[in-house]
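Participant: Structure file data.cif (mmCIF, C-alpha atoms) right here:
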```cif
data_run
#
loop_
_atom_site.label_atom_id
_atom_site.label_comp_id
_atom_site.auth_asym_id
_atom_site.auth_seq_id
_atom_site.Cartn_x
_atom_site.Cartn_y
_atom_site.Cartn_z
CA MET U 20 -145.28 29.95 -22.36
CA LEU U 21 -144.93 33.72 -21.89
CA ARG U 22 -148.58 34.41 -21.08
CA ARG U 23 -148.91 31.81 -18.36
CA PRO U 24 -146.29 33.21 -16.00
CA ALA U 25 -147.51 36.74 -16.77
CA ALA U 26 -151.06 35.95 -15.61
CA THR U 27 -149.70 34.47 -12.38
CA VAL U 28 -147.17 37.21 -11.68
CA ALA U 29 -149.84 39.89 -12.15
CA TYR U 30 -151.44 38.59 -8.95
CA ARG U 31 -148.57 36.96 -7.12
CA PHE U 32 -146.33 40.04 -7.10
CA SER U 33 -149.04 42.66 -7.50
CA SER U 34 -147.67 45.04 -4.86
CA LEU U 35 -144.36 45.45 -6.70
CA PHE U 36 -145.77 46.96 -9.89
CA THR U 37 -145.78 50.70 -10.43
CA ARG U 38 -149.02 50.16 -12.36
CA VAL U 39 -150.94 47.25 -10.93
CA PRO U 40 -152.36 45.01 -13.68
CA SER U 41 -156.13 45.04 -13.41
CA ALA U 42 -158.18 41.95 -12.67
CA GLU U 43 -159.55 42.17 -16.22
CA GLU U 44 -156.04 42.26 -17.74
CA ALA U 45 -154.94 39.26 -15.72
CA ALA U 46 -158.09 37.33 -16.65
CA ALA U 47 -157.45 38.07 -20.34
CA LEU U 48 -153.88 36.79 -20.04
CA LEU U 49 -155.16 33.61 -18.42
CA ALA U 50 -157.76 33.11 -21.15
CA GLU U 51 -155.11 33.50 -23.86
CA ALA U 52 -152.82 31.06 -22.09
CA ARG U 53 -155.47 28.36 -21.77
CA GLU U 54 -156.07 28.05 -25.51
CA PRO U 55 -152.73 26.61 -26.67
CA ALA U 56 -151.74 25.09 -23.34
CA GLY U 57 -152.00 21.42 -24.32
CA ASP U 58 -151.75 18.54 -21.88
CA ALA U 59 -148.01 18.50 -21.18
CA PRO U 60 -147.45 18.22 -17.40
CA ALA U 61 -145.53 21.50 -17.19
CA ALA U 62 -148.23 23.35 -19.13
CA GLU U 63 -151.01 21.89 -16.97
CA ALA U 64 -149.12 22.90 -13.83
CA ALA U 65 -148.59 26.45 -15.10
CA ILE U 66 -152.28 26.88 -15.97
CA ALA U 67 -153.36 25.46 -12.60
CA LEU U 68 -151.16 27.96 -10.80
CA ALA U 69 -152.50 30.83 -12.90
CA GLU U 70 -156.05 29.74 -12.06
CA ALA U 71 -155.21 29.63 -8.35
CA ALA U 72 -153.83 33.15 -8.65
CA VAL U 73 -156.36 34.85 -10.92
CA VAL U 74 -159.60 32.89 -10.41
CA ALA U 75 -159.22 32.12 -6.70
CA ASP U 76 -156.87 34.97 -5.64
CA ALA U 77 -154.76 32.62 -3.54
CA PHE U 78 -152.11 35.31 -3.11
CA GLY U 79 -154.46 37.99 -1.73
CA ALA U 80 -153.45 40.37 -4.51
CA VAL U 81 -153.89 44.13 -4.48
CA GLN U 82 -156.49 43.90 -7.25
CA GLY U 83 -158.26 40.92 -5.67
CA ASP U 84 -161.55 41.03 -3.78
CA THR U 85 -161.66 41.47 -0.03
CA ASP U 86 -163.80 38.33 0.21
CA ASN U 87 -162.62 34.88 -0.72
CA THR U 88 -164.23 31.43 -0.88
CA ALA U 89 -161.44 29.92 1.17
CA ARG U 90 -162.20 26.21 0.68
CA GLU U 91 -162.38 26.64 -3.07
CA THR U 92 -159.13 28.59 -3.05
CA VAL U 93 -157.37 25.81 -1.13
CA GLY U 94 -158.62 23.32 -3.71
CA PHE U 95 -157.21 25.37 -6.60
CA ALA U 96 -153.85 25.68 -4.86
CA GLU U 97 -153.62 22.00 -3.89
CA ARG U 98 -154.26 21.02 -7.51
CA ALA U 99 -151.47 23.35 -8.65
CA VAL U 100 -149.05 21.83 -6.12
CA GLU U 101 -149.85 18.27 -7.20
CA LEU U 102 -149.51 19.01 -10.93
CA ALA U 103 -146.19 20.81 -10.40
CA ARG U 104 -144.90 17.90 -8.32
CA ARG U 105 -145.87 15.43 -11.06
CA ALA U 106 -144.12 17.62 -13.62
CA GLY U 107 -140.91 17.39 -11.58
CA ASP U 108 -140.49 21.17 -11.63
CA PRO U 109 -139.23 22.51 -8.26
CA VAL U 110 -139.70 26.15 -9.27
CA ALA U 111 -143.32 25.55 -10.25
CA GLU U 112 -143.89 23.48 -7.11
CA SER U 113 -142.49 26.26 -4.92
CA ALA U 114 -144.74 28.82 -6.59
CA ALA U 115 -147.75 26.53 -6.14
CA LEU U 116 -146.86 26.01 -2.47
CA ASP U 117 -146.77 29.78 -2.15
CA ALA U 118 -150.32 29.82 -3.46
CA LEU U 119 -151.26 27.07 -1.01
CA SER U 120 -149.74 29.04 1.86
CA GLY U 121 -151.85 32.03 0.88
CA ALA U 122 -154.96 29.90 0.51
CA ARG U 123 -154.48 28.37 3.95
CA SER U 124 -154.21 31.89 5.33
CA TRP U 125 -157.51 32.84 3.70
CA ALA U 126 -158.99 29.78 5.38
CA GLY U 127 -157.77 30.90 8.80
CA GLU U 128 -155.14 28.16 9.06
CA PRO U 129 -151.86 29.99 9.81
CA PHE U 130 -150.03 26.86 10.97
CA ALA U 131 -150.79 25.13 7.66
CA ALA U 132 -149.73 28.31 5.86
CA ALA U 133 -146.40 28.26 7.70
CA ALA U 134 -145.90 24.57 6.89
CA ALA U 135 -146.45 25.20 3.18
CA ALA U 136 -143.96 28.07 3.28
CA ARG U 137 -141.32 25.83 4.89
CA ARG U 138 -141.93 23.13 2.29
CA ARG U 139 -140.92 25.58 -0.42
CA ILE U 140 -137.41 25.85 1.01
CA GLY U 141 -137.07 22.08 1.17
CA VAL U 142 -138.24 21.67 -2.42
CA LEU U 143 -135.83 24.30 -3.72
CA THR U 144 -132.74 23.38 -1.73
CA SER U 145 -132.99 19.63 -2.22
CA ALA U 146 -133.67 19.71 -5.97
CA SER U 147 -130.91 19.05 -8.47
CA PRO U 148 -130.61 21.33 -11.50
CA SER U 149 -133.24 20.74 -14.14
CA PRO U 150 -131.99 18.52 -16.99
CA ALA U 151 -133.44 21.05 -19.37
CA GLY U 152 -131.16 23.73 -17.93
CA PRO U 153 -131.99 26.73 -15.80
CA HIS U 154 -135.50 28.14 -15.87
CA GLU U 155 -136.23 31.43 -17.52
CA PRO U 156 -137.08 34.21 -15.08
CA PRO U 157 -140.81 34.97 -14.93
CA SER U 158 -142.19 37.37 -17.52
CA PHE U 159 -144.35 40.35 -16.73
CA PRO U 160 -147.46 41.83 -18.37
CA ALA U 161 -146.87 44.49 -20.97
CA GLY U 162 -147.21 48.03 -19.71
CA THR U 163 -145.97 47.26 -16.20
CA HIS U 164 -142.51 47.44 -14.71
CA GLU U 165 -140.74 44.28 -13.66
CA PRO U 166 -140.40 44.11 -9.88
CA SER U 167 -136.89 44.39 -8.56
CA SER U 168 -135.43 41.18 -7.17
CA SER U 169 -135.48 42.01 -3.48
CA PRO U 170 -132.19 42.38 -1.48
CA ALA U 171 -130.58 41.65 2.02
CA GLY U 172 -129.39 42.67 5.57
CA SER U 173 -127.20 40.72 7.93
CA HIS U 174 -127.38 38.88 11.19
CA GLU U 175 -125.65 35.69 10.30
CA PRO U 176 -123.97 34.54 7.10
CA THR U 177 -126.13 32.40 4.88
CA SER U 178 -125.30 28.71 4.93
CA PHE U 179 -126.95 26.59 2.26
CA PRO U 180 -127.54 22.83 2.45
CA ALA U 181 -125.04 20.62 0.69
CA GLY U 182 -125.82 20.32 -2.98
CA SER U 183 -127.80 23.53 -3.18
CA ARG U 184 -125.08 25.84 -4.49
CA GLU U 185 -126.57 25.48 -7.95
CA LEU U 186 -129.30 27.85 -6.77
CA ILE U 187 -126.92 30.73 -7.33
CA ASP U 188 -126.76 29.81 -11.01
CA ALA U 189 -130.47 29.32 -11.74
CA PRO U 190 -132.23 32.69 -11.86
CA ALA U 191 -135.81 31.51 -11.37
CA ARG U 192 -134.90 29.07 -8.63
CA THR U 193 -132.85 31.70 -6.82
CA HIS U 194 -135.72 34.17 -7.05
CA GLU U 195 -138.02 31.50 -5.61
CA LEU U 196 -135.64 30.79 -2.74
CA VAL U 197 -135.40 34.45 -1.81
CA ASP U 198 -139.19 34.71 -1.81
CA ALA U 199 -139.51 31.42 0.09
CA LEU U 200 -137.18 32.60 2.86
CA ALA U 201 -139.20 35.80 3.19
CA MET U 202 -142.50 33.92 3.33
CA ALA U 203 -141.11 31.38 5.80
CA ALA U 204 -140.04 34.21 8.09
CA GLY U 205 -143.39 35.97 7.75
CA THR U 206 -145.54 32.91 8.34
CA ALA U 207 -143.38 31.90 11.32
CA LEU U 208 -144.19 35.28 12.85
CA GLY U 209 -147.84 34.54 12.18
CA VAL U 210 -147.76 31.55 14.52
CA GLY U 211 -145.53 33.15 17.15
CA ALA U 212 -142.38 31.20 16.27
CA LEU U 213 -140.05 34.13 16.89
CA PRO U 214 -136.72 32.22 16.97
CA GLU U 215 -137.65 30.47 13.71
CA ALA U 216 -138.65 33.75 12.10
CA ARG U 217 -135.32 35.29 13.08
CA ARG U 218 -133.49 32.28 11.65
CA TRP U 219 -135.23 32.50 8.26
CA GLY U 220 -134.88 36.27 8.31
CA GLY U 221 -131.15 35.90 8.99
CA ARG U 222 -130.74 33.58 6.03
CA LEU U 223 -132.59 36.01 3.82
CA ALA U 224 -130.39 38.83 5.10
CA GLY U 225 -127.26 36.91 4.19
CA HIS U 226 -128.34 35.80 0.73
CA PRO U 227 -125.75 36.90 -1.86
CA LEU U 228 -128.42 37.97 -4.35
CA LEU U 229 -129.58 40.64 -1.92
CA ALA U 230 -126.24 42.16 -1.01
CA GLU U 231 -127.13 45.50 -2.61
CA ALA U 232 -130.76 45.71 -1.47
CA GLY U 233 -130.69 46.03 2.28
CA HIS U 234 -134.28 47.26 2.55
CA HIS U 235 -135.68 43.99 1.22
CA ALA U 236 -133.00 41.93 2.90
CA THR U 237 -133.63 43.25 6.38
CA SER U 238 -137.41 43.51 6.08
CA TRP U 239 -138.59 40.42 7.95
CA LEU U 240 -135.66 40.39 10.34
CA LEU U 241 -136.66 43.88 11.43
CA VAL U 242 -140.22 42.71 12.14
CA ALA U 243 -139.03 39.65 14.06
CA ASP U 244 -136.57 41.66 16.14
CA ALA U 245 -139.21 44.30 16.83
CA LEU U 246 -141.76 41.77 18.05
CA THR U 247 -139.03 40.18 20.17
CA GLY U 248 -138.37 43.63 21.63
CA ASP U 249 -134.72 43.94 20.66
CA ALA U 250 -134.44 47.68 20.09
CA GLY U 251 -130.69 47.60 19.48
CA GLU U 252 -130.98 45.18 16.59
CA VAL U 253 -133.92 47.07 15.09
CA LEU U 254 -132.18 50.43 15.26
CA ALA U 255 -129.03 48.99 13.68
CA GLY U 256 -130.98 47.21 10.93
CA SER U 257 -133.08 50.28 10.22
CA VAL U 258 -129.98 52.20 9.14
CA ARG U 259 -129.29 49.68 6.41
CA PHE U 260 -132.96 49.51 5.46
CA LEU U 261 -133.30 53.27 5.07
CA ASP U 262 -130.04 53.72 3.20
CA ALA U 263 -130.84 50.97 0.68
CA TRP U 264 -134.44 52.12 0.25
CA GLU U 265 -133.37 55.67 -0.51
CA ARG U 266 -130.62 54.55 -2.89
CA SER U 267 -133.06 52.30 -4.74
CA GLY U 268 -135.48 55.13 -5.47
CA ARG U 269 -137.84 54.87 -2.46
CA GLY U 270 -140.10 52.27 -4.07
CA ARG U 271 -143.14 50.44 -2.69
CA SER U 272 -143.42 46.77 -1.80
CA PHE U 273 -145.62 44.47 0.27
CA SER U 274 -142.80 43.65 2.72
CA LEU U 275 -141.47 47.19 3.17
CA GLY U 276 -144.55 48.55 4.94
CA PRO U 277 -144.46 46.09 7.87
CA ALA U 278 -140.69 46.52 8.18
CA ALA U 279 -140.90 50.31 8.40
CA ALA U 280 -143.90 50.07 10.74
CA SER U 281 -141.97 47.74 13.04
CA VAL U 282 -139.18 50.33 13.29
CA ALA U 283 -141.80 52.99 14.07
CA MET U 284 -143.17 50.73 16.81
CA ILE U 285 -139.76 50.38 18.44
CA HIS U 286 -139.29 54.16 18.44
CA GLY U 287 -142.72 54.43 20.02
CA LEU U 288 -141.80 51.91 22.71
CA ARG U 289 -138.63 53.92 23.34
CA GLY U 290 -140.69 57.08 23.80
CA ASP U 291 -139.10 58.77 20.79
CA HIS U 292 -142.30 59.99 19.18
CA ASP U 293 -140.58 62.29 16.68
CA ALA U 294 -138.63 59.35 15.27
CA ARG U 295 -141.83 57.30 15.25
CA ARG U 296 -143.58 59.95 13.15
CA THR U 297 -140.66 59.96 10.72
CA TRP U 298 -140.91 56.20 10.25
CA LEU U 299 -144.69 56.25 9.94
CA ALA U 300 -144.19 58.66 7.03
CA ILE U 301 -141.84 56.08 5.50
CA VAL U 302 -144.59 53.48 5.94
CA ASP U 303 -146.93 55.69 3.93
CA GLU U 304 -144.40 55.92 1.12
CA ALA U 305 -142.88 52.43 1.14
CA GLY U 306 -145.89 50.25 1.98
CA ALA U 307 -148.20 48.59 -0.52
CA GLY U 308 -151.32 50.58 0.35
CA PRO U 309 -153.25 52.10 3.27
CA GLU U 310 -155.65 49.17 3.53
CA HIS U 311 -152.80 46.84 4.55
CA ARG U 312 -152.26 48.93 7.66
CA ARG U 313 -155.53 47.57 8.98
CA GLY U 314 -153.42 44.51 9.73
CA TYR U 315 -149.83 45.27 10.65
CA GLY U 316 -150.50 48.95 11.34
CA ALA U 317 -153.21 48.14 13.85
CA VAL U 318 -150.97 45.59 15.60
CA PHE U 319 -147.97 47.89 15.92
CA ASP U 320 -149.99 50.99 16.82
CA ALA U 321 -152.01 49.20 19.50
CA THR U 322 -148.83 47.77 21.00
CA VAL U 323 -147.37 51.27 21.41
CA LEU U 324 -150.61 52.68 22.79
CA LEU U 325 -150.92 49.91 25.39
CA HIS U 326 -147.28 50.34 26.39
CA HIS U 327 -147.96 53.97 27.26
CA GLY U 328 -151.24 53.24 29.01
CA ASP U 329 -153.68 54.55 26.40
CA ALA U 330 -155.99 51.55 26.41
CA ASP U 331 -158.97 53.44 24.99
CA ALA U 332 -157.02 54.49 21.89
CA ALA U 333 -155.64 50.97 21.51
CA LEU U 334 -159.15 49.56 21.71
CA GLU U 335 -160.26 51.93 18.97
CA ARG U 336 -157.29 50.98 16.77
CA VAL U 337 -158.33 47.30 16.83
CA ALA U 338 -162.08 47.99 16.90
CA PRO U 339 -163.06 46.01 13.77
CA GLU U 340 -163.79 42.33 14.26
CA PRO U 341 -161.13 40.20 12.54
CA GLU U 342 -163.74 39.11 9.98
CA GLN U 343 -164.24 42.75 8.96
CA VAL U 344 -160.56 43.19 8.04
CA TRP U 345 -159.86 39.56 7.17
CA LYS U 346 -157.82 40.13 4.02
CA TRP U 347 -155.33 42.28 5.93
CA VAL U 348 -155.06 40.28 9.15
CA CYS U 349 -155.49 36.67 8.04
CA TRP U 350 -151.92 36.01 6.89
CA ILE U 351 -149.41 37.06 9.58
CA TRP U 352 -151.40 39.32 11.84
CA LEU U 353 -154.54 37.39 12.83
CA HIS U 354 -153.23 35.95 16.12
CA TRP U 355 -151.52 39.20 17.15
CA TYR U 356 -154.63 41.22 16.31
CA ALA U 357 -157.01 38.94 18.22
CA ALA U 358 -154.78 38.90 21.31
CA LEU U 359 -154.42 42.69 21.29
CA ARG U 360 -158.20 43.12 20.99
CA ALA U 361 -158.64 40.98 24.09
CA GLU U 362 -156.03 42.80 26.13
CA ALA U 363 -157.16 46.27 25.06
CA ALA U 364 -160.72 45.36 26.02
CA VAL U 365 -159.60 44.34 29.52
CA LEU U 366 -157.43 47.39 30.13
CA ALA U 367 -160.09 49.76 28.77
CA GLY U 368 -162.82 48.14 30.88
CA HIS U 369 -164.88 47.07 27.88
CA PRO U 370 -168.02 45.13 28.91
CA ASP U 371 -167.32 42.41 26.35
CA ALA U 372 -163.78 41.82 27.55
CA ARG U 373 -164.38 38.27 28.75
CA ASP U 374 -166.13 37.33 25.51
CA ARG U 375 -163.20 38.73 23.53
CA ILE U 376 -160.81 36.68 25.64
CA ALA U 377 -162.80 33.52 24.92
CA SER U 378 -162.86 34.23 21.19
CA ALA U 379 -159.18 35.09 21.07
CA ARG U 380 -158.26 31.93 22.97
CA ILE U 381 -159.81 29.82 20.21
CA VAL U 382 -158.13 31.80 17.44
CA THR U 383 -154.64 31.86 18.98
CA ALA U 384 -154.46 28.25 20.20
CA GLY U 385 -150.97 26.88 19.59
CA ASN U 386 -149.30 30.28 19.21
CA PRO U 387 -146.98 30.59 22.24
CA VAL U 388 -146.84 34.40 22.14
CA ALA U 389 -150.42 35.33 21.28
CA SER U 390 -151.93 32.71 23.59
CA ALA U 391 -149.73 34.03 26.42
CA GLN U 392 -151.07 37.51 25.74
CA VAL U 393 -154.62 36.20 25.97
CA ASP U 394 -153.73 34.44 29.24
CA ARG U 395 -152.31 37.72 30.53
CA ALA U 396 -155.50 39.55 29.59
CA GLU U 397 -157.56 37.06 31.57
CA ALA U 398 -155.16 37.21 34.53
CA LEU U 399 -155.49 41.00 34.54
CA LEU U 400 -159.27 40.76 34.39
CA ASP U 401 -159.33 38.27 37.27
CA GLY U 402 -156.64 39.99 39.35
CA ASP U 403 -154.63 36.76 39.30
CA LEU U 404 -151.00 37.62 40.20
CA PRO U 405 -149.55 34.09 40.14
CA ARG U 406 -150.91 33.56 36.66
CA ARG U 407 -149.39 36.85 35.48
CA LEU U 408 -145.99 35.66 36.68
CA ALA U 409 -146.50 32.34 34.89
CA VAL U 410 -147.32 34.27 31.71
CA ALA U 411 -144.07 36.23 32.02
CA ALA U 412 -142.17 32.94 32.05
CA ALA U 413 -144.16 31.73 29.02
CA PHE U 414 -143.24 34.86 27.05
CA GLU U 415 -139.59 34.40 27.97
CA ALA U 416 -139.68 30.77 26.82
CA ALA U 417 -141.20 31.87 23.50
CA GLY U 418 -138.38 34.35 22.91
CA CYS U 419 -140.62 37.41 23.37
CA ARG U 420 -138.56 39.37 25.86
CA TYR U 421 -140.51 42.59 25.46
CA GLN U 422 -143.81 41.04 26.50
CA ALA U 423 -142.11 39.12 29.31
CA ALA U 424 -140.81 42.41 30.74
CA ARG U 425 -144.13 44.17 30.23
CA THR U 426 -145.95 41.37 32.04
CA LEU U 427 -143.76 41.96 35.11
CA VAL U 428 -144.62 45.67 34.97
CA LEU U 429 -148.30 44.76 34.81
CA ALA U 430 -147.82 42.42 37.78
CA GLY U 431 -147.01 45.46 39.91
CA GLY U 432 -145.22 45.67 43.24
CA GLU U 433 -141.68 44.35 43.44
CA HIS U 434 -142.14 42.63 40.07
CA ALA U 435 -142.69 45.98 38.34
CA ALA U 436 -139.16 47.10 39.18
CA ALA U 437 -137.75 43.95 37.60
CA GLY U 438 -139.90 44.57 34.54
CA GLU U 439 -138.73 48.17 34.22
CA ALA U 440 -135.12 47.01 34.45
CA ALA U 441 -135.74 44.40 31.75
CA LEU U 442 -137.33 47.03 29.48
CA ALA U 443 -134.35 49.31 29.99
CA GLY U 444 -132.04 46.44 29.11
CA LEU U 445 -133.91 46.08 25.83
CA GLY U 446 -133.49 49.80 25.13
CA LEU U 447 -137.16 50.61 25.74
CA ALA U 448 -138.93 53.22 27.86
CA PRO U 449 -140.75 52.39 31.09
CA GLY U 450 -144.22 50.99 30.45
CA ALA U 451 -147.53 51.90 32.07
CA ALA U 452 -148.67 49.67 34.93
CA ARG U 453 -152.21 49.53 33.45
#
```
Output the file's structure in the form of structure tokens.
Facilitator:
Amino acid sequence: MLRRPAATVAYRFSSLFTRVPSAEEAAALLAEAREPAGDAPAAEAAIALAEAAVVADAFGAVQGDTDNTARETVGFAERAVELARRAGDPVAESAALDALSGARSWAGEPFAAAAAARRRIGVLTSASPSPAGPHEPPSFPAGTHEPSSSPAGSHEPTSFPAGSRELIDAPARTHELVDALAMAAGTALGVGALPEARRWGGRLAGHPLLAEAGHHATSWLLVADALTGDAGEVLAGSVRFLDAWERSGRGRSFSLGPAAASVAMIHGLRGDHDARRTWLAIVDEAGAGPEHRRGYGAVFDATVLLHHGDADAALERVAPEPEQVWKWVCWIWLHWYAALRAEAAVLAGHPDARDRIASARIVTAGNPVASAQVDRAEALLDGDLPRRLAVAAAFEAAGCRYQAARTLVLAGGEHAAAGEAALAGLGLAPGAAR
């Protein structure tokens, strides 16, 4: 059974390896695993998951292609989920649902991706211990270093559903739960569910496994708080993040880049550009790779640039069409990216601004934050003050206090003063009126 998890892990956790297993190595591991697999349900489920990972790149791995046949990838992942469910293995089912969440992202279905991520938590917390005893932790390809089991930060103490305390005693299931909480927080951000993202991020931060790894523990909570606009929480959490990251050896990970970039964004919104440069240097060192910054980096940079009135630079930062940077925006950042492209186009006076608004409206439908930003872009283009005020209320209802305040600033007149006061209350610098 060793080779099957190794083939999957080579893709699923690719950003955590100091030497990333090549696509050829992973394919060889999969080929070896197929030969003696047999037709036992657990073996079939393991092979199906490995195929979803290696053949279809459901996880969007570092060594995977930038293009993906999304429908085929969804099919691979759905088969893995069904076989794991039939095998009665909650750990395998959670891993397969992780693949399905990634596949749905490739397909441009962030709400379905978020639903699959939430299902993982239900599967893991409702399952009783396996009659065969605890699962073995996943194995890793020879010649690579095993990823560290990420750690935590704190907003609220973790409370687990009744009957789920056995998770503490089952290494593989606990590892899955930690990853599931992180993915649930991330995918919630992808659909603009900020309160939900903070809730999952808070549970991750309070998980006992992560007590000594504050950089991983706080990662998604930092992003959620930053997008909410809560500078105080971000600055407090960043202290724990930085201390734990430095104590752990300043390693790289997929989740650390967005977390550090979100802290940099908050410093930028505060007008502390020296601190922002410091944190952008941390992004370079802690993040998975420069190509990923085409997603989260573009979103956070454009937000800062628009805040300070540099619409032309913001427009340049999000210049590529989403399809051109799909691998890096399709998971969490697609809606945010599309909305920012529309708003930057309006504020920079781009001739295609109205077309970008129309495209972004289709992409962001159902996301309360991103769709409000698209509405604001159109209201700015049309000079519609009442609609701008309605958008401010929509941002507030969605839990996005930063954008609610900024909308009042953009409304001008007596509303701008209220917006500036709200920004100051969040610990942020005054924003540009255009």
Participant: Output the residue selection produced by the PyMOL selection byres ((chain U and resi 439) around 12) on the file above, formatted as an mmCIF file with C-alpha atoms, in the frame of the given file.
Facilitator:
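The new file out.cif reads:
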```
data_model
loop_
_atom_site.group_PDB
_atom_site.id
_atom_site.type_symbol
_atom_site.label_atom_id
_atom_site.label_comp_id
_atom_site.auth_asym_id
_atom_site.auth_seq_id
_atom_site.Cartn_x
_atom_site.Cartn_y
_atom_site.Cartn_z
ATOM 1 C CA HIS U 326 -147.280 50.340 26.390
ATOM 2 C CA TYR U 421 -140.510 42.590 25.460
ATOM 3 C CA GLN U 422 -143.810 41.040 26.500
ATOM 4 C CA ALA U 423 -142.110 39.120 29.310
ATOM 5 C CA ALA U 424 -140.810 42.410 30.740
ATOM 6 C CA ARG U 425 -144.130 44.170 30.230
ATOM 7 C CA THR U 426 -145.950 41.370 32.040
ATOM 8 C CA LEU U 427 -143.760 41.960 35.110
ATOM 9 C CA VAL U 428 -144.620 45.670 34.970
ATOM 10 C CA LEU U 429 -148.300 44.760 34.810
ATOM 11 C CA ALA U 430 -147.820 42.420 37.780
ATOM 12 C CA GLY U 431 -147.010 45.460 39.910
ATOM 13 C CA GLY U 432 -145.220 45.670 43.240
ATOM 14 C CA GLU U 433 -141.680 44.350 43.440
ATOM 15 C CA HIS U 434 -142.140 42.630 40.070
ATOM 16 C CA ALA U 435 -142.690 45.980 38.340
ATOM 17 C CA ALA U 436 -139.160 47.100 39.180
ATOM 18 C CA ALA U 437 -137.750 43.950 37.600
ATOM 19 C CA GLY U 438 -139.900 44.570 34.540
ATOM 20 C CA ALA U 440 -135.120 47.010 34.450
ATOM 21 C CA ALA U 441 -135.740 44.400 31.750
ATOM 22 C CA LEU U 442 -137.330 47.030 29.480
ATOM 23 C CA ALA U 443 -134.350 49.310 29.990
ATOM 24 C CA GLY U 444 -132.040 46.440 29.110
ATOM 25 C CA LEU U 445 -133.910 46.080 25.830
ATOM 26 C CA GLY U 446 -133.490 49.800 25.130
ATOM 27 C CA LEU U 447 -137.160 50.610 25.740
ATOM 28 C CA ALA U 448 -138.930 53.220 27.860
ATOM 29 C CA PRO U 449 -140.750 52.390 31.090
ATOM 30 C CA GLY U 450 -144.220 50.990 30.450
ATOM 31 C CA ALA U 451 -147.530 51.900 32.070
ATOM 32 C CA ALA U 452 -148.670 49.670 34.930
#
```
Participant: Return as JSON lines the residues of segment 356-449 of chain U lying at most 10 Å from segment 118-140 of chain U, together with the closest atom-to-atom pair for each and the distance in Å to one decimal, counting only C-alpha atoms, with rows in chain order and ascending residue number.
Facilitator:
```
{"residue": "U:Val382", "atom": "CA", "partner": "U:Gly127", "partner_atom": "CA", "distance": 8.7}
{"residue": "U:Thr383", "atom": "CA", "partner": "U:Pro129", "partner_atom": "CA", "distance": 9.8}
{"residue": "U:Gly385", "atom": "CA", "partner": "U:Phe130", "partner_atom": "CA", "distance": 8.7}
{"residue": "U:Asn386", "atom": "CA", "partner": "U:Phe130", "partner_atom": "CA", "distance": 9.0}
```
Participant: List, as a ChimeraX atom specification, every residue that the PyMOL selection byres ((chain U and resi 407) around 9) selects in the file provided.
Facilitator: /U:394-396,398-399,402-406,408-412,426-427,429-430
Participant: Written as a ChimeraX atom specification, what is the full residue list that the PyMOL selection byres ((chain U and resi 212) around 10) yields on the file shown?
Facilitator: /U:133,204-211,213-217,243,386-388,417-419
Participant: To one decimal place, how far is atom CA of Ala71 of chain U from atom CA of Leu229 of chain U in Å?
Facilitator: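 Calculated distance between atom CA of Ala71 of chain U and atom CA of Leu229 of chain U is 28.6 Å.
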Participant: Take atom CA of Ala389 of chain U and atom CA of Leu254 of chain U and report the distance between them in Å, one decimal.
Facilitator: 24.4 Å
Participant: Report the centre and edge lengths, in Å to one decimal, of an axis-aligned box enclosing every atom of segment 279-289 of chain U listed in the file, padded by 8 Å on each side, as JSON.
Facilitator:
```
{"center_x": -141.3, "center_y": 51.1, "center_z": 15.9, "size_x": 21.3, "size_y": 22.7, "size_z": 30.9}
```
Participant: Considering all atoms listed in the file, return as a ChimeraX atom specification whatever protein or nucleic-acid residues lie within 10 Å of Gly287 of chain U, sequence-local ones (same chain, fewer than 5 positions apart) excluded.
Facilitator: /U:281-282,292-296,319-320,322-324,326-327,447-448
